[in-house]
2 protein chains.
Amino acid sequence: MAAATTAQSEVHANAEKACSIQLSLDILGDRWTILILRDAFRGVRRFDEFRRDLAIARPVLTDRLKRLVDAEVMARRQYCARPPRFEYRLTPKGMALSPTLVALMRWGDDWLTESAPPTVLVHQRCGQPIDQQFVCWHCDETFTARDIVSRPGSPPSH
Amino acid sequence: MAAATTAQSEVHANAEKACSIQLSLDILGDRWTILILRDAFRGVRRFDEFRRDLAIARPVLTDRLKRLVDAEVMARRQYCARPPRFEYRLTPKGMALSPTLVALMRWGDDWLTESAPPTVLVHQRCGQPIDQQFVCWHCDETFTARDIVSRPGSPPSH
DNA sequence: CGACTTGGTTCGGAAGATGAACTGACGTAA
DNA sequence: TTACGTCAGTTCATCTTCCGAACCAAGTCG
């Protein structure tokens, strides 16, 4: 990624037809979807709660929630028969987005706010701030983006 | 983040006025910007190279690059006087987005592609695939999103 | 000279976002 | 029982943004 300046990864660049980032952005890539997910991680579940918190137009929220449900990132569930009430919850696939949201939040904290970050994420057990790191389990060490190279994925075995 | 279902973080939810994710999305939150950055990480630098690779409309690319330069995520630099030629490079602030891009890519790999991932990121030194993890330096251990709680940031000291 | 490349700007039409109003099923208080 | 409120939407007119095509300018190559 960060080592894309090397000859290696420039050679590979053209080989990446269907990039995973592209696929992810097909689902997440608009002004509202990630904010909806952020709210969902905070515990927001109901239509009007999303609407009020985000000040999003109703038709847009309807559409975005529908897309997220279609993509199996969120699940729509009726939790009350009468009156009929629905909630939108993160699926495991949606939960798996937490590293993305955390990375986004940390970037904002580090580069976009001059004062203290509005929210701090801490390790539940000890209460100390968390860090997000690249890890190599082979070398058993953490490192920065500078030590990463990209390679084409192994062709599907057959 | 993932523990937003606890009473704790729900209480805090309303206290988060200017969320860092919101601030980040003010810069990154549209269909093209993140794809431009992905290309930049791959080593793409010139206007027409971005345009061809992304199949993006010229005026939109002009606008997005301008925004990224204004936000100091990329820098526009003339690298040839005659004919005047320009390149767009990631600044340190832009480089700092690599964890976000990596998280996005990994989510796509894990949940959106059924075959092998098109690109694999490996540790430069040993060539083994990298992992991205939450780390607590206090406890000296890695963990998943389930072990995170959010807290309001400490008020600016004075 | 004329064609080509790079890095744009300027248009009109298409697509997407917006707020306001409407619906409809139900609950509650007077 | 009448009126009002809530939740979860849909419909519609308008407004903004996006897009592709065309144009432009500066320079280079043959």
# chains A, B, ... in the order shown; residues from 1 in each chain; ligands from 1
$ residues_around --residues "stretch 11-25 of chain C" --least-positions-apart "2" --cutoff "12 Å" --atoms "only C-alpha atoms (C1' of nucleotides)" --output "PyMOL selection string"
(chain A and resi 30-32+55-61+63+81-85) or (chain B and resi 59) or (chain C and resi 9+27) or (chain D and resi 6-23)
$ interface_residues --of "chain A" --to "chain B" --cutoff "6 Å" --atoms "only C-alpha atoms" --output "count of residues only"
43
$ atom_distance --atom1 "atom CA of A:Tyr79" --atom2 "atom CA of A:Arg45"
10.8 Å
$ closest_atom_pairs --of "chain B" --to "chain C" --cutoff "8 Å" --atoms "only C-alpha atoms (C1' of nucleotides)" --output "tab-separated table"
residue	atom	partner	partner_atom	distance
B:Phe47	CA	C:DG7	C1'	6.9
B:Asp48	CA	C:DT6	C1'	7.3
B:Thr62	CA	C:DG8	C1'	7.8
B:Arg85	CA	C:DT6	C1'	7.1
$ write_last_selection --atoms "C-alpha atoms" --output "short mmCIF file (atom, residue, chain, number, x, y, z; two decimals), in the first residue's frame"
data_model
loop_
_atom_site.label_atom_id
_atom_site.label_comp_id
_atom_site.auth_asym_id
_atom_site.auth_seq_id
_atom_site.Cartn_x
_atom_site.Cartn_y
_atom_site.Cartn_z
CA PHE B 47 -4.05 13.92 -13.98
CA ASP B 48 -4.66 11.82 -17.06
CA THR B 62 -10.30 18.50 -11.29
CA ARG B 85 3.41 19.29 -16.20
#
$ select_by_dssp --residues "chain B" --states "helix (DSSP H, G or I)" --output "PDB file with N, CA and C atoms, in the first residue's frame"
ATOM      1  N   ALA B   7     -24.617   0.335  28.141  1.00  0.00           N
ATOM      2  CA  ALA B   7     -25.249   1.556  28.636  1.00  0.00           C
ATOM      3  C   ALA B   7     -24.254   2.718  28.574  1.00  0.00           C
ATOM      4  N   GLN B   8     -23.036   2.406  28.955  1.00  0.00           N
ATOM      5  CA  GLN B   8     -21.951   3.378  28.958  1.00  0.00           C
ATOM      6  C   GLN B   8     -21.893   4.243  27.700  1.00  0.00           C
ATOM      7  N   SER B   9     -21.668   3.581  26.567  1.00  0.00           N
ATOM      8  CA  SER B   9     -21.446   4.363  25.355  1.00  0.00           C
ATOM      9  C   SER B   9     -22.736   4.986  24.824  1.00  0.00           C
ATOM     10  N   GLU B  10     -23.879   4.421  25.167  1.00  0.00           N
ATOM     11  CA  GLU B  10     -25.118   5.057  24.723  1.00  0.00           C
ATOM     12  C   GLU B  10     -25.308   6.397  25.419  1.00  0.00           C
ATOM     13  N   VAL B  11     -24.884   6.448  26.637  1.00  0.00           N
ATOM     14  CA  VAL B  11     -24.941   7.702  27.376  1.00  0.00           C
ATOM     15  C   VAL B  11     -24.063   8.743  26.682  1.00  0.00           C
ATOM     16  N   HIS B  12     -22.903   8.289  26.232  1.00  0.00           N
ATOM     17  CA  HIS B  12     -21.951   9.211  25.624  1.00  0.00           C
ATOM     18  C   HIS B  12     -22.353   9.643  24.231  1.00  0.00           C
ATOM     19  N   ALA B  13     -23.152   8.838  23.573  1.00  0.00           N
ATOM     20  CA  ALA B  13     -23.460   9.075  22.163  1.00  0.00           C
ATOM     21  C   ALA B  13     -23.879  10.519  21.877  1.00  0.00           C
ATOM     22  N   SER B  20     -15.179  12.754  14.839  1.00  0.00           N
ATOM     23  CA  SER B  20     -14.014  12.715  13.956  1.00  0.00           C
ATOM     24  C   SER B  20     -14.325  11.989  12.650  1.00  0.00           C
ATOM     25  N   ILE B  21     -15.221  11.036  12.715  1.00  0.00           N
ATOM     26  CA  ILE B  21     -15.601  10.320  11.491  1.00  0.00           C
ATOM     27  C   ILE B  21     -16.289  11.288  10.538  1.00  0.00           C
ATOM     28  N   GLN B  22     -17.172  12.107  11.108  1.00  0.00           N
ATOM     29  CA  GLN B  22     -17.836  13.147  10.313  1.00  0.00           C
ATOM     30  C   GLN B  22     -16.819  14.061   9.648  1.00  0.00           C
ATOM     31  N   LEU B  23     -15.846  14.522  10.426  1.00  0.00           N
ATOM     32  CA  LEU B  23     -14.821  15.411   9.882  1.00  0.00           C
ATOM     33  C   LEU B  23     -14.044  14.733   8.760  1.00  0.00           C
ATOM     34  N   SER B  24     -13.691  13.474   8.960  1.00  0.00           N
ATOM     35  CA  SER B  24     -12.966  12.734   7.925  1.00  0.00           C
ATOM     36  C   SER B  24     -13.813  12.615   6.664  1.00  0.00           C
ATOM     37  N   LEU B  25     -15.085  12.338   6.845  1.00  0.00           N
ATOM     38  CA  LEU B  25     -15.955  12.144   5.689  1.00  0.00           C
ATOM     39  C   LEU B  25     -16.224  13.449   4.946  1.00  0.00           C
ATOM     40  N   ASP B  26     -16.093  14.577   5.642  1.00  0.00           N
ATOM     41  CA  ASP B  26     -16.227  15.849   4.937  1.00  0.00           C
ATOM     42  C   ASP B  26     -15.180  15.955   3.828  1.00  0.00           C
ATOM     43  N   ILE B  27     -14.057  15.292   4.027  1.00  0.00           N
ATOM     44  CA  ILE B  27     -13.001  15.291   3.016  1.00  0.00           C
ATOM     45  C   ILE B  27     -13.111  14.082   2.089  1.00  0.00           C
ATOM     46  N   LEU B  28     -13.382  12.915   2.659  1.00  0.00           N
ATOM     47  CA  LEU B  28     -13.309  11.664   1.894  1.00  0.00           C
ATOM     48  C   LEU B  28     -14.651  11.144   1.417  1.00  0.00           C
ATOM     49  N   THR B  33     -13.300  10.183  -4.156  1.00  0.00           N
ATOM     50  CA  THR B  33     -12.091  10.577  -3.433  1.00  0.00           C
ATOM     51  C   THR B  33     -11.256   9.397  -2.943  1.00  0.00           C
ATOM     52  N   ILE B  34     -11.892   8.414  -2.364  1.00  0.00           N
ATOM     53  CA  ILE B  34     -11.124   7.289  -1.828  1.00  0.00           C
ATOM     54  C   ILE B  34     -10.478   6.482  -2.952  1.00  0.00           C
ATOM     55  N   LEU B  35     -11.160   6.400  -4.094  1.00  0.00           N
ATOM     56  CA  LEU B  35     -10.561   5.690  -5.230  1.00  0.00           C
ATOM     57  C   LEU B  35      -9.349   6.444  -5.759  1.00  0.00           C
ATOM     58  N   ILE B  36      -9.424   7.770  -5.755  1.00  0.00           N
ATOM     59  CA  ILE B  36      -8.268   8.583  -6.153  1.00  0.00           C
ATOM     60  C   ILE B  36      -7.104   8.307  -5.207  1.00  0.00           C
ATOM     61  N   LEU B  37      -7.396   8.255  -3.927  1.00  0.00           N
ATOM     62  CA  LEU B  37      -6.344   7.990  -2.948  1.00  0.00           C
ATOM     63  C   LEU B  37      -5.772   6.584  -3.110  1.00  0.00           C
ATOM     64  N   ARG B  38      -6.629   5.631  -3.392  1.00  0.00           N
ATOM     65  CA  ARG B  38      -6.149   4.271  -3.625  1.00  0.00           C
ATOM     66  C   ARG B  38      -5.149   4.268  -4.772  1.00  0.00           C
ATOM     67  N   ASP B  39      -5.507   4.949  -5.864  1.00  0.00           N
ATOM     68  CA  ASP B  39      -4.585   5.051  -6.996  1.00  0.00           C
ATOM     69  C   ASP B  39      -3.289   5.743  -6.588  1.00  0.00           C
ATOM     70  N   ALA B  40      -3.413   6.793  -5.787  1.00  0.00           N
ATOM     71  CA  ALA B  40      -2.225   7.517  -5.342  1.00  0.00           C
ATOM     72  C   ALA B  40      -1.300   6.596  -4.549  1.00  0.00           C
ATOM     73  N   PHE B  41      -1.885   5.758  -3.710  1.00  0.00           N
ATOM     74  CA  PHE B  41      -1.070   4.803  -2.946  1.00  0.00           C
ATOM     75  C   PHE B  41      -0.383   3.808  -3.877  1.00  0.00           C
ATOM     76  N   ARG B  42      -1.026   3.516  -4.982  1.00  0.00           N
ATOM     77  CA  ARG B  42      -0.442   2.585  -5.946  1.00  0.00           C
ATOM     78  C   ARG B  42       0.651   3.249  -6.775  1.00  0.00           C
ATOM     79  N   PHE B  47      -2.636  13.690 -13.733  1.00  0.00           N
ATOM     80  CA  PHE B  47      -4.050  13.918 -13.979  1.00  0.00           C
ATOM     81  C   PHE B  47      -4.656  12.867 -14.910  1.00  0.00           C
ATOM     82  N   ASP B  48      -4.068  12.723 -16.080  1.00  0.00           N
ATOM     83  CA  ASP B  48      -4.656  11.824 -17.064  1.00  0.00           C
ATOM     84  C   ASP B  48      -4.546  10.354 -16.690  1.00  0.00           C
ATOM     85  N   GLU B  49      -3.555  10.072 -15.854  1.00  0.00           N
ATOM     86  CA  GLU B  49      -3.396   8.698 -15.389  1.00  0.00           C
ATOM     87  C   GLU B  49      -4.564   8.334 -14.453  1.00  0.00           C
ATOM     88  N   PHE B  50      -4.892   9.263 -13.547  1.00  0.00           N
ATOM     89  CA  PHE B  50      -6.057   9.075 -12.694  1.00  0.00           C
ATOM     90  C   PHE B  50      -7.322   8.932 -13.546  1.00  0.00           C
ATOM     91  N   ARG B  51      -7.415   9.822 -14.520  1.00  0.00           N
ATOM     92  CA  ARG B  51      -8.630   9.872 -15.324  1.00  0.00           C
ATOM     93  C   ARG B  51      -8.849   8.567 -16.077  1.00  0.00           C
ATOM     94  N   ARG B  52      -7.800   8.089 -16.699  1.00  0.00           N
ATOM     95  CA  ARG B  52      -7.927   6.854 -17.471  1.00  0.00           C
ATOM     96  C   ARG B  52      -8.219   5.666 -16.565  1.00  0.00           C
ATOM     97  N   ASP B  53      -7.496   5.588 -15.466  1.00  0.00           N
ATOM     98  CA  ASP B  53      -7.637   4.421 -14.593  1.00  0.00           C
ATOM     99  C   ASP B  53      -9.015   4.352 -13.951  1.00  0.00           C
ATOM    100  N   LEU B  54      -9.536   5.505 -13.552  1.00  0.00           N
ATOM    101  CA  LEU B  54     -10.801   5.518 -12.828  1.00  0.00           C
ATOM    102  C   LEU B  54     -12.004   5.710 -13.739  1.00  0.00           C
ATOM    103  N   ARG B  58     -13.594  14.464 -16.350  1.00  0.00           N
ATOM    104  CA  ARG B  58     -12.547  15.462 -16.112  1.00  0.00           C
ATOM    105  C   ARG B  58     -12.918  16.526 -15.074  1.00  0.00           C
ATOM    106  N   PRO B  59     -14.083  17.157 -15.205  1.00  0.00           N
ATOM    107  CA  PRO B  59     -14.385  18.213 -14.231  1.00  0.00           C
ATOM    108  C   PRO B  59     -14.451  17.685 -12.804  1.00  0.00           C
ATOM    109  N   VAL B  60     -14.938  16.470 -12.643  1.00  0.00           N
ATOM    110  CA  VAL B  60     -15.037  15.889 -11.306  1.00  0.00           C
ATOM    111  C   VAL B  60     -13.647  15.620 -10.749  1.00  0.00           C
ATOM    112  N   LEU B  61     -12.758  15.110 -11.600  1.00  0.00           N
ATOM    113  CA  LEU B  61     -11.385  14.858 -11.142  1.00  0.00           C
ATOM    114  C   LEU B  61     -10.689  16.164 -10.770  1.00  0.00           C
ATOM    115  N   THR B  62     -10.862  17.181 -11.601  1.00  0.00           N
ATOM    116  CA  THR B  62     -10.304  18.503 -11.286  1.00  0.00           C
ATOM    117  C   THR B  62     -10.749  18.949  -9.903  1.00  0.00           C
ATOM    118  N   ASP B  63     -12.059  18.840  -9.669  1.00  0.00           N
ATOM    119  CA  ASP B  63     -12.623  19.279  -8.399  1.00  0.00           C
ATOM    120  C   ASP B  63     -12.094  18.465  -7.226  1.00  0.00           C
ATOM    121  N   ARG B  64     -12.055  17.150  -7.374  1.00  0.00           N
ATOM    122  CA  ARG B  64     -11.627  16.285  -6.271  1.00  0.00           C
ATOM    123  C   ARG B  64     -10.162  16.509  -5.917  1.00  0.00           C
ATOM    124  N   LEU B  65      -9.334  16.634  -6.936  1.00  0.00           N
ATOM    125  CA  LEU B  65      -7.915  16.883  -6.673  1.00  0.00           C
ATOM    126  C   LEU B  65      -7.732  18.223  -5.977  1.00  0.00           C
ATOM    127  N   LYS B  66      -8.519  19.212  -6.415  1.00  0.00           N
ATOM    128  CA  LYS B  66      -8.448  20.528  -5.797  1.00  0.00           C
ATOM    129  C   LYS B  66      -8.811  20.447  -4.314  1.00  0.00           C
ATOM    130  N   ARG B  67      -9.877  19.710  -4.013  1.00  0.00           N
ATOM    131  CA  ARG B  67     -10.290  19.544  -2.616  1.00  0.00           C
ATOM    132  C   ARG B  67      -9.220  18.848  -1.792  1.00  0.00           C
ATOM    133  N   LEU B  68      -8.639  17.804  -2.380  1.00  0.00           N
ATOM    134  CA  LEU B  68      -7.605  17.059  -1.653  1.00  0.00           C
ATOM    135  C   LEU B  68      -6.383  17.920  -1.405  1.00  0.00           C
ATOM    136  N   VAL B  69      -6.052  18.763  -2.371  1.00  0.00           N
ATOM    137  CA  VAL B  69      -4.924  19.669  -2.199  1.00  0.00           C
ATOM    138  C   VAL B  69      -5.267  20.710  -1.131  1.00  0.00           C
ATOM    139  N   ASP B  70      -6.490  21.261  -1.187  1.00  0.00           N
ATOM    140  CA  ASP B  70      -6.922  22.221  -0.168  1.00  0.00           C
ATOM    141  C   ASP B  70      -6.876  21.600   1.225  1.00  0.00           C
ATOM    142  N   PRO B  92       2.199  13.673   4.013  1.00  0.00           N
ATOM    143  CA  PRO B  92       2.172  12.801   5.197  1.00  0.00           C
ATOM    144  C   PRO B  92       0.746  12.592   5.720  1.00  0.00           C
ATOM    145  N   LYS B  93      -0.046  13.670   5.665  1.00  0.00           N
ATOM    146  CA  LYS B  93      -1.443  13.558   6.085  1.00  0.00           C
ATOM    147  C   LYS B  93      -2.185  12.538   5.222  1.00  0.00           C
ATOM    148  N   GLY B  94      -1.892  12.535   3.929  1.00  0.00           N
ATOM    149  CA  GLY B  94      -2.507  11.568   3.035  1.00  0.00           C
ATOM    150  C   GLY B  94      -1.989  10.168   3.284  1.00  0.00           C
ATOM    151  N   MET B  95      -0.705  10.044   3.511  1.00  0.00           N
ATOM    152  CA  MET B  95      -0.088   8.746   3.819  1.00  0.00           C
ATOM    153  C   MET B  95      -0.737   8.125   5.055  1.00  0.00           C
ATOM    154  N   SER B  98      -3.430   5.320   5.164  1.00  0.00           N
ATOM    155  CA  SER B  98      -3.233   3.926   4.754  1.00  0.00           C
ATOM    156  C   SER B  98      -3.964   2.910   5.647  1.00  0.00           C
ATOM    157  N   PRO B  99      -4.027   3.107   6.970  1.00  0.00           N
ATOM    158  CA  PRO B  99      -4.803   2.136   7.747  1.00  0.00           C
ATOM    159  C   PRO B  99      -6.279   2.086   7.323  1.00  0.00           C
ATOM    160  N   THR B 100      -6.823   3.240   6.969  1.00  0.00           N
ATOM    161  CA  THR B 100      -8.209   3.281   6.519  1.00  0.00           C
ATOM    162  C   THR B 100      -8.370   2.492   5.224  1.00  0.00           C
ATOM    163  N   LEU B 101      -7.499   2.748   4.276  1.00  0.00           N
ATOM    164  CA  LEU B 101      -7.580   2.053   2.991  1.00  0.00           C
ATOM    165  C   LEU B 101      -7.370   0.557   3.163  1.00  0.00           C
ATOM    166  N   VAL B 102      -6.429   0.203   4.013  1.00  0.00           N
ATOM    167  CA  VAL B 102      -6.166  -1.212   4.266  1.00  0.00           C
ATOM    168  C   VAL B 102      -7.386  -1.878   4.901  1.00  0.00           C
ATOM    169  N   ALA B 103      -8.002  -1.201   5.856  1.00  0.00           N
ATOM    170  CA  ALA B 103      -9.186  -1.757   6.512  1.00  0.00           C
ATOM    171  C   ALA B 103     -10.308  -1.983   5.500  1.00  0.00           C
ATOM    172  N   LEU B 104     -10.475  -1.019   4.612  1.00  0.00           N
ATOM    173  CA  LEU B 104     -11.501  -1.104   3.573  1.00  0.00           C
ATOM    174  C   LEU B 104     -11.225  -2.280   2.644  1.00  0.00           C
ATOM    175  N   MET B 105      -9.960  -2.425   2.294  1.00  0.00           N
ATOM    176  CA  MET B 105      -9.557  -3.495   1.387  1.00  0.00           C
ATOM    177  C   MET B 105      -9.759  -4.863   2.032  1.00  0.00           C
ATOM    178  N   ARG B 106      -9.409  -4.952   3.301  1.00  0.00           N
ATOM    179  CA  ARG B 106      -9.542  -6.224   3.998  1.00  0.00           C
ATOM    180  C   ARG B 106     -11.010  -6.607   4.154  1.00  0.00           C
ATOM    181  N   TRP B 107     -11.855  -5.629   4.399  1.00  0.00           N
ATOM    182  CA  TRP B 107     -13.282  -5.927   4.519  1.00  0.00           C
ATOM    183  C   TRP B 107     -13.818  -6.458   3.191  1.00  0.00           C
ATOM    184  N   GLY B 108     -13.422  -5.813   2.119  1.00  0.00           N
ATOM    185  CA  GLY B 108     -13.811  -6.286   0.797  1.00  0.00           C
ATOM    186  C   GLY B 108     -13.311  -7.701   0.545  1.00  0.00           C
ATOM    187  N   ASP B 109     -12.065  -7.953   0.911  1.00  0.00           N
ATOM    188  CA  ASP B 109     -11.499  -9.296   0.747  1.00  0.00           C
ATOM    189  C   ASP B 109     -12.302 -10.333   1.528  1.00  0.00           C
ATOM    190  N   ASP B 110     -12.618  -9.982   2.773  1.00  0.00           N
ATOM    191  CA  ASP B 110     -13.251 -10.964   3.658  1.00  0.00           C
ATOM    192  C   ASP B 110     -14.721 -11.209   3.358  1.00  0.00           C
ATOM    193  N   TRP B 111     -15.417 -10.174   2.887  1.00  0.00           N
ATOM    194  CA  TRP B 111     -16.872 -10.296   2.800  1.00  0.00           C
ATOM    195  C   TRP B 111     -17.449 -10.106   1.404  1.00  0.00           C
ATOM    196  N   ALA B 145     -12.728  -5.965  18.098  1.00  0.00           N
ATOM    197  CA  ALA B 145     -13.572  -4.804  18.359  1.00  0.00           C
ATOM    198  C   ALA B 145     -14.482  -5.012  19.567  1.00  0.00           C
ATOM    199  N   ARG B 146     -14.756  -6.251  19.890  1.00  0.00           N
ATOM    200  CA  ARG B 146     -15.671  -6.543  20.992  1.00  0.00           C
ATOM    201  C   ARG B 146     -15.117  -6.060  22.335  1.00  0.00           C
ATOM    202  N   ASP B 147     -13.813  -5.910  22.414  1.00  0.00           N
ATOM    203  CA  ASP B 147     -13.193  -5.533  23.685  1.00  0.00           C
ATOM    204  C   ASP B 147     -12.940  -4.032  23.800  1.00  0.00           C
TER     205      ASP B 147
END
$ select_by_dssp --residues "chain B" --states "strand (DSSP E or B)" --output "ChimeraX atom specification"
/B:74-80,85-90,119-123,129,131-136,141-143,148-152
$ write_last_selection --atoms "C-alpha atoms" --output "compact mmCIF listing (two decimals), in the first residue's frame"
# COMPACT_ATOMS: atom_id res chain seq x y z
CA MET B 74 -2.30 15.68 -1.59
CA ALA B 75 0.15 18.21 -2.95
CA ARG B 76 0.22 19.58 -6.49
CA ARG B 77 3.71 20.05 -7.82
CA GLN B 78 5.05 21.13 -11.16
CA TYR B 79 7.72 18.62 -12.13
CA CYS B 80 8.38 19.92 -15.61
CA ARG B 85 3.41 19.29 -16.20
CA PHE B 86 2.01 18.65 -12.77
CA GLU B 87 1.86 15.74 -10.40
CA TYR B 88 -0.26 15.02 -7.39
CA ARG B 89 1.45 13.31 -4.48
CA LEU B 90 0.30 12.15 -1.10
CA THR B 119 -4.20 -8.08 -3.98
CA VAL B 120 -2.42 -9.27 -0.88
CA LEU B 121 -0.44 -7.01 1.42
CA VAL B 122 2.68 -8.58 2.82
CA HIS B 123 5.33 -7.66 5.34
CA PRO B 129 0.62 -11.54 4.77
CA ASP B 131 -2.75 -8.43 9.70
CA GLN B 132 -4.42 -5.32 11.10
CA GLN B 133 -5.19 -5.46 14.80
CA PHE B 134 -6.27 -3.44 17.77
CA VAL B 135 -3.45 -3.25 20.29
CA CYS B 136 -3.30 -2.28 23.95
CA GLU B 141 -1.97 -7.74 23.72
CA THR B 142 -4.09 -7.65 20.59
CA PHE B 143 -7.86 -8.01 20.61
CA ILE B 148 -13.39 -1.81 22.95
CA VAL B 149 -15.47 0.77 24.80
CA SER B 150 -15.83 4.41 23.82
CA ARG B 151 -15.42 7.28 26.24
CA PRO B 152 -15.75 11.04 25.81
